[in-house]
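Source file: final-v5.pdb (PDB, C-alpha atoms)
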```pdb
ATOM      1  CA  MET Q   1      28.319  30.077 -13.751
ATOM      2  CA  SER Q   2      24.809  28.964 -14.480
ATOM      3  CA  ASN Q   3      21.669  31.016 -14.498
ATOM      4  CA  LYS Q   4      18.801  30.272 -12.148
ATOM      5  CA  SER Q   5      16.590  29.870 -15.200
ATOM      6  CA  GLU Q   6      18.822  27.027 -16.405
ATOM      7  CA  LYS Q   7      18.190  24.901 -13.298
ATOM      8  CA  LYS Q   8      15.820  22.033 -13.877
ATOM      9  CA  HIS Q   9      12.926  21.607 -11.505
ATOM     10  CA  VAL Q  10      13.009  18.135  -9.959
ATOM     11  CA  ARG Q  11       9.522  17.044  -8.993
ATOM     12  CA  HIS Q  12       9.133  15.466  -5.569
ATOM     13  CA  VAL Q  13       7.966  11.839  -5.768
ATOM     14  CA  PRO Q  14       6.238  10.684  -2.560
ATOM     15  CA  GLN Q  15       7.766   7.501  -1.144
ATOM     16  CA  ARG Q  16       5.941   4.809   0.827
ATOM     17  CA  THR Q  17       7.049   1.556   2.449
ATOM     18  CA  CYS Q  18       5.476  -1.863   1.858
ATOM     19  CA  ILE Q  19       4.394  -3.082   5.296
ATOM     20  CA  ALA Q  20       5.389  -6.679   4.435
ATOM     21  CA  CYS Q  21       8.850  -6.509   2.844
ATOM     22  CA  ARG Q  22       9.742  -2.995   4.120
ATOM     23  CA  GLN Q  23      10.919  -1.863   0.657
ATOM     24  CA  THR Q  24      10.487   1.871   0.005
ATOM     25  CA  LEU Q  25       9.118   2.763  -3.417
ATOM     26  CA  PRO Q  26       7.214   5.582  -5.122
ATOM     27  CA  LYS Q  27       3.697   5.799  -3.694
ATOM     28  CA  ARG Q  28       2.057   5.042  -7.056
ATOM     29  CA  SER Q  29       3.803   1.666  -7.386
ATOM     30  CA  LEU Q  30       2.201   0.254  -4.221
ATOM     31  CA  ILE Q  31      -1.399  -0.659  -3.396
ATOM     32  CA  ARG Q  32      -3.061   1.325  -0.608
ATOM     33  CA  LEU Q  33      -5.543  -0.314   1.737
ATOM     34  CA  VAL Q  34      -7.643   1.931   3.964
ATOM     35  CA  ARG Q  35      -9.522   1.412   7.211
ATOM     36  CA  THR Q  36     -12.913   3.068   6.871
ATOM     37  CA  ASP Q  37     -16.112   2.973   8.916
ATOM     38  CA  GLU Q  38     -17.439   0.376   6.445
ATOM     39  CA  GLY Q  39     -14.357  -1.845   6.842
ATOM     40  CA  LEU Q  40     -11.276  -2.487   4.750
ATOM     41  CA  GLN Q  41     -11.200  -0.825   1.334
ATOM     42  CA  LEU Q  42      -8.814  -0.678  -1.642
ATOM     43  CA  ASP Q  43      -7.752   2.857  -2.516
ATOM     44  CA  PRO Q  44      -6.505   3.068  -6.114
ATOM     45  CA  THR Q  45      -6.595   6.889  -6.047
ATOM     46  CA  GLY Q  46      -4.617   7.278  -2.809
ATOM     47  CA  LYS Q  47      -7.116   9.904  -1.690
ATOM     48  CA  VAL Q  48      -9.690   7.979   0.351
ATOM     49  CA  SER Q  49     -10.009   9.408   3.830
ATOM     50  CA  GLY Q  50      -8.859   7.096   6.599
ATOM     51  CA  ARG Q  51      -5.809   5.343   7.972
ATOM     52  CA  GLY Q  52      -3.933   3.592   5.160
ATOM     53  CA  ALA Q  53      -1.203   1.023   4.642
ATOM     54  CA  TYR Q  54       0.757   0.076   1.531
ATOM     55  CA  LEU Q  55       1.554  -3.312  -0.008
ATOM     56  CA  HIS Q  56       3.330  -4.495  -3.153
ATOM     57  CA  ASP Q  57       1.188  -5.962  -5.887
ATOM     58  CA  SER Q  58       2.438  -9.487  -5.153
ATOM     59  CA  LYS Q  59       0.805 -12.396  -3.382
ATOM     60  CA  ALA Q  60       3.974 -12.936  -1.347
ATOM     61  CA  CYS Q  61       3.709  -9.543   0.384
ATOM     62  CA  TRP Q  62      -0.040  -9.895   0.904
ATOM     63  CA  ASN Q  63       0.432 -13.361   2.462
ATOM     64  CA  ILE Q  64       3.098 -12.012   4.814
ATOM     65  CA  ALA Q  65       0.812  -9.137   5.805
ATOM     66  CA  ILE Q  66      -2.065 -11.532   6.562
ATOM     67  CA  GLN Q  67      -0.028 -14.217   8.346
ATOM     68  CA  HIS Q  68       1.861 -11.813  10.592
ATOM     69  CA  ARG Q  69      -1.107  -9.482  11.158
ATOM     70  CA  LEU Q  70       0.927  -6.565   9.778
ATOM     71  CA  LEU Q  71      -2.087  -4.865   8.260
ATOM     72  CA  GLU Q  72      -3.853  -4.885  11.610
ATOM     73  CA  LYS Q  73      -0.805  -3.325  13.250
ATOM     74  CA  SER Q  74      -0.442  -0.654  10.558
ATOM     75  CA  LEU Q  75      -4.129   0.221  10.497
ATOM     76  CA  LYS Q  76      -4.374   0.011  14.298
ATOM     77  CA  THR Q  77      -7.481  -2.138  14.139
ATOM     78  CA  GLU Q  78      -8.596  -5.740  14.223
ATOM     79  CA  LEU Q  79      -9.622  -7.056  10.820
ATOM     80  CA  SER Q  80     -12.913  -8.914  10.650
ATOM     81  CA  ASP Q  81     -13.314 -12.244   8.866
ATOM     82  CA  LYS Q  82     -15.138 -10.286   6.138
ATOM     83  CA  ASP Q  83     -12.115  -7.967   5.716
ATOM     84  CA  LEU Q  84      -9.726 -10.920   5.499
ATOM     85  CA  GLU Q  85     -11.965 -12.573   2.917
ATOM     86  CA  LYS Q  86     -11.986  -9.331   0.865
ATOM     87  CA  MET Q  87      -8.182  -9.297   0.987
ATOM     88  CA  ARG Q  88      -7.980 -12.891  -0.230
ATOM     89  CA  LEU Q  89     -10.342 -12.080  -3.121
ATOM     90  CA  TRP Q  90      -8.273  -9.019  -4.115
ATOM     91  CA  MET Q  91      -5.130 -11.113  -3.811
ATOM     92  CA  GLU Q  92      -6.320 -13.631  -6.437
ATOM     93  CA  ASP Q  93      -5.665 -11.113  -9.224
ATOM     94  CA  LEU Q  94      -2.105 -10.328  -8.079
ATOM     95  CA  PRO Q  95       1.041 -11.865  -9.568
ATOM     96  CA  ASP Q  96       2.875 -14.520  -7.523
ATOM     97  CA  ASN Q  97       6.106 -12.500  -7.306
ATOM     98  CA  ALA Q  98       6.913  -8.805  -7.227
ATOM     99  CA  GLU Q  99       8.544  -7.544 -10.400
TER     100      GLU Q  99
END
```
Take the structure I supplied and represent it as structure tokens, if you would.
Amino acid sequence: MSNKSEKKHVRHVPQRTCIACRQTLPKRSLIRLVRTDEGLQLDPTGKVSGRGAYLHDSKACWNIAIQHRLLEKSLKTELSDKDLEKMRLWMEDLPDNAE
């Protein structure tokens, strides 16, 4: 018999799904993009108000999201040319493959 005090508290880790590859991972290991009144925005804190979507930090997932308009579907909006250009700029710093 074990005491209640001996039980270890397991901390809940929020899970999110990459909209491109559909892999579920801890929230902190994905990049959140948010639809705001000013347009598309990166959300490194995960706390920006607005509808968000998650992507891996790999160019492959970002390309899939752009080509198949997955981000537009997830954010329930139409992305402007300016938003798509922002995404391509952010994408330049990402690795080619997910690790």
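Comparing Q:His68, Q:Lys73, Q:Lys59, Q:Lys82 by their smallest distance to Leu94 (chain Q), the closest is Q:Lys59 (using all atoms listed in the file).
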- request: Write out as a ChimeraX atom specification each polymer residue whose atoms come within 8 Å of Ser74 (chain Q), counting all atoms listed in the file; drop sequence neighbours fewer than 4 positions from it.
  value: /Q:19,52-53,70
Would you write out those residues with C-alpha atoms, as a compact mmCIF listing (two decimals), in the frame of the given file?
```
# COMPACT_ATOMS: atom_id res chain seq x y z
CA ILE Q 19 4.39 -3.08 5.30
CA GLY Q 52 -3.93 3.59 5.16
CA ALA Q 53 -1.20 1.02 4.64
CA LEU Q 70 0.93 -6.56 9.78
```
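If all atoms listed in the file are the atoms counted, then among Q:Leu25, Q:Ile66, Q:Leu79, Q:Cys18 the closest residue to Tyr54 (chain Q) is Q:Cys18.
Look at region 27-34 of chain Q: the protein and nucleic acid residues within 7 Å of it, using only C-alpha atoms and passing over chain neighbours fewer than 4 places away, are Q:Pro14, Q:Gln15, Q:Arg16, Q:Leu40, Q:Gln41, Q:Leu42, Q:Asp43, Q:Pro44, Q:Gly46, Q:Gly50, Q:Arg51, Q:Gly52, Q:Ala53, Q:Tyr54, Q:Leu55, Q:His56, Q:Asp57.
Between CA of Cys61 (chain Q) and CA of Ser80 (chain Q) the separation is 19.5 Å.
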